[in-house]
Amino acid sequence: MGTDRAGRDVVNRACGILMQRHGAGYERALEDLMHHARQRRTTLAEAGAEIIAALQAGRN
C-alpha cells in the first residue's frame, strides 16, 4: 500500500511539473505523462520519475 501511494505521489508531482511547463490542466498533463509512459513502455510512476529527475538535473 505504501508503494502505491509513493507511485501516486510521483505521478502527481510529475503532472504538476508538466502543468507548469505547458500551462495545461491536470487532465492534459496526465495524458502527456501516459503518452510518455507508453512510448517508453514503462509505468506511469517510472515515467513520472524520469520527468522529475530531468527537472532536478536541469537545476544542478
# chains A, B, ... in the order shown; residues from 1 in each chain; ligands from 1
>>> residues_around(residues="Thr43 in chain A", least_positions_apart="2", cutoff="12 Å", atoms="only C-alpha atoms", output="ChimeraX atom specification")
/A:4,7-8,10-11,33-41,45-50
>>> write_last_selection(atoms="N, CA and C atoms", output="compact mmCIF listing (two decimals), in the first residue's frame")
# COMPACT_ATOMS: atom_id res chain seq x y z
N ASP A 4 2.04 2.03 -3.53
CA ASP A 4 1.01 2.63 -4.36
C ASP A 4 0.93 4.13 -4.12
N GLY A 7 3.89 5.86 -5.62
CA GLY A 7 3.71 5.96 -7.07
C GLY A 7 2.77 7.09 -7.44
N ARG A 8 1.68 7.21 -6.69
CA ARG A 8 0.72 8.30 -6.95
C ARG A 8 1.36 9.65 -6.68
N VAL A 10 4.51 10.43 -7.03
CA VAL A 10 5.42 10.70 -8.15
C VAL A 10 4.62 11.16 -9.36
N VAL A 11 3.53 10.47 -9.66
CA VAL A 11 2.69 10.84 -10.81
C VAL A 11 2.13 12.24 -10.62
N LEU A 33 1.71 12.49 -19.64
CA LEU A 33 2.50 11.53 -18.89
C LEU A 33 2.20 10.10 -19.35
N MET A 34 0.93 9.80 -19.59
CA MET A 34 0.57 8.46 -20.09
C MET A 34 1.20 8.20 -21.45
N HIS A 35 1.20 9.22 -22.31
CA HIS A 35 1.83 9.08 -23.62
C HIS A 35 3.33 8.81 -23.48
N HIS A 36 3.97 9.55 -22.58
CA HIS A 36 5.40 9.37 -22.30
C HIS A 36 5.67 7.94 -21.81
N ALA A 37 4.82 7.45 -20.92
CA ALA A 37 4.99 6.10 -20.38
C ALA A 37 4.81 5.04 -21.47
N ARG A 38 3.80 5.23 -22.33
CA ARG A 38 3.58 4.27 -23.41
C ARG A 38 4.76 4.24 -24.38
N GLN A 39 5.27 5.41 -24.71
CA GLN A 39 6.41 5.47 -25.63
C GLN A 39 7.62 4.73 -25.08
N ARG A 40 7.83 4.84 -23.78
CA ARG A 40 8.99 4.22 -23.15
C ARG A 40 8.69 2.82 -22.62
N ARG A 41 7.43 2.43 -22.73
CA ARG A 41 6.98 1.12 -22.22
C ARG A 41 7.32 0.95 -20.74
N ALA A 45 4.47 5.74 -12.90
CA ALA A 45 5.39 6.17 -11.84
C ALA A 45 6.83 6.27 -12.37
N GLU A 46 7.25 5.31 -13.19
CA GLU A 46 8.60 5.36 -13.75
C GLU A 46 8.75 6.55 -14.70
N ALA A 47 7.73 6.79 -15.53
CA ALA A 47 7.77 7.92 -16.44
C ALA A 47 7.79 9.23 -15.65
N GLY A 48 7.01 9.29 -14.59
CA GLY A 48 7.00 10.47 -13.73
C GLY A 48 8.34 10.70 -13.09
N ALA A 49 8.97 9.63 -12.64
CA ALA A 49 10.29 9.75 -12.02
C ALA A 49 11.32 10.28 -13.01
N GLU A 50 11.20 9.90 -14.28
CA GLU A 50 12.10 10.41 -15.31
C GLU A 50 11.94 11.92 -15.47
>>> residues_around(residues="Glu27 in chain A", least_positions_apart="3", cutoff="12 Å", atoms="only C-alpha atoms", output="ChimeraX atom specification")
/A:12,15-16,18-19,23-24,30-34
>>> write_last_selection(atoms="C-alpha atoms", output="short mmCIF file (atom, residue, chain, number, x, y, z; two decimals), in the first residue's frame")
data_model
loop_
_atom_site.label_atom_id
_atom_site.label_comp_id
_atom_site.auth_asym_id
_atom_site.auth_seq_id
_atom_site.Cartn_x
_atom_site.Cartn_y
_atom_site.Cartn_z
CA ASN A 12 1.07 13.88 -9.19
CA CYS A 15 1.84 16.18 -13.57
CA GLY A 16 2.46 19.38 -11.63
CA LEU A 18 4.02 19.29 -16.82
CA MET A 19 1.17 21.64 -15.88
CA GLY A 23 0.32 25.88 -18.90
CA ALA A 24 -2.15 23.00 -19.07
CA LEU A 30 -1.81 13.21 -17.12
CA GLU A 31 -2.49 12.44 -20.80
CA ASP A 32 1.01 13.68 -21.65
CA LEU A 33 2.50 11.53 -18.89
CA MET A 34 0.57 8.46 -20.09
#
>>> atom_distance(atom1="CA of Ala14 in chain A", atom2="CA of Arg28 in chain A")
12.1 Å
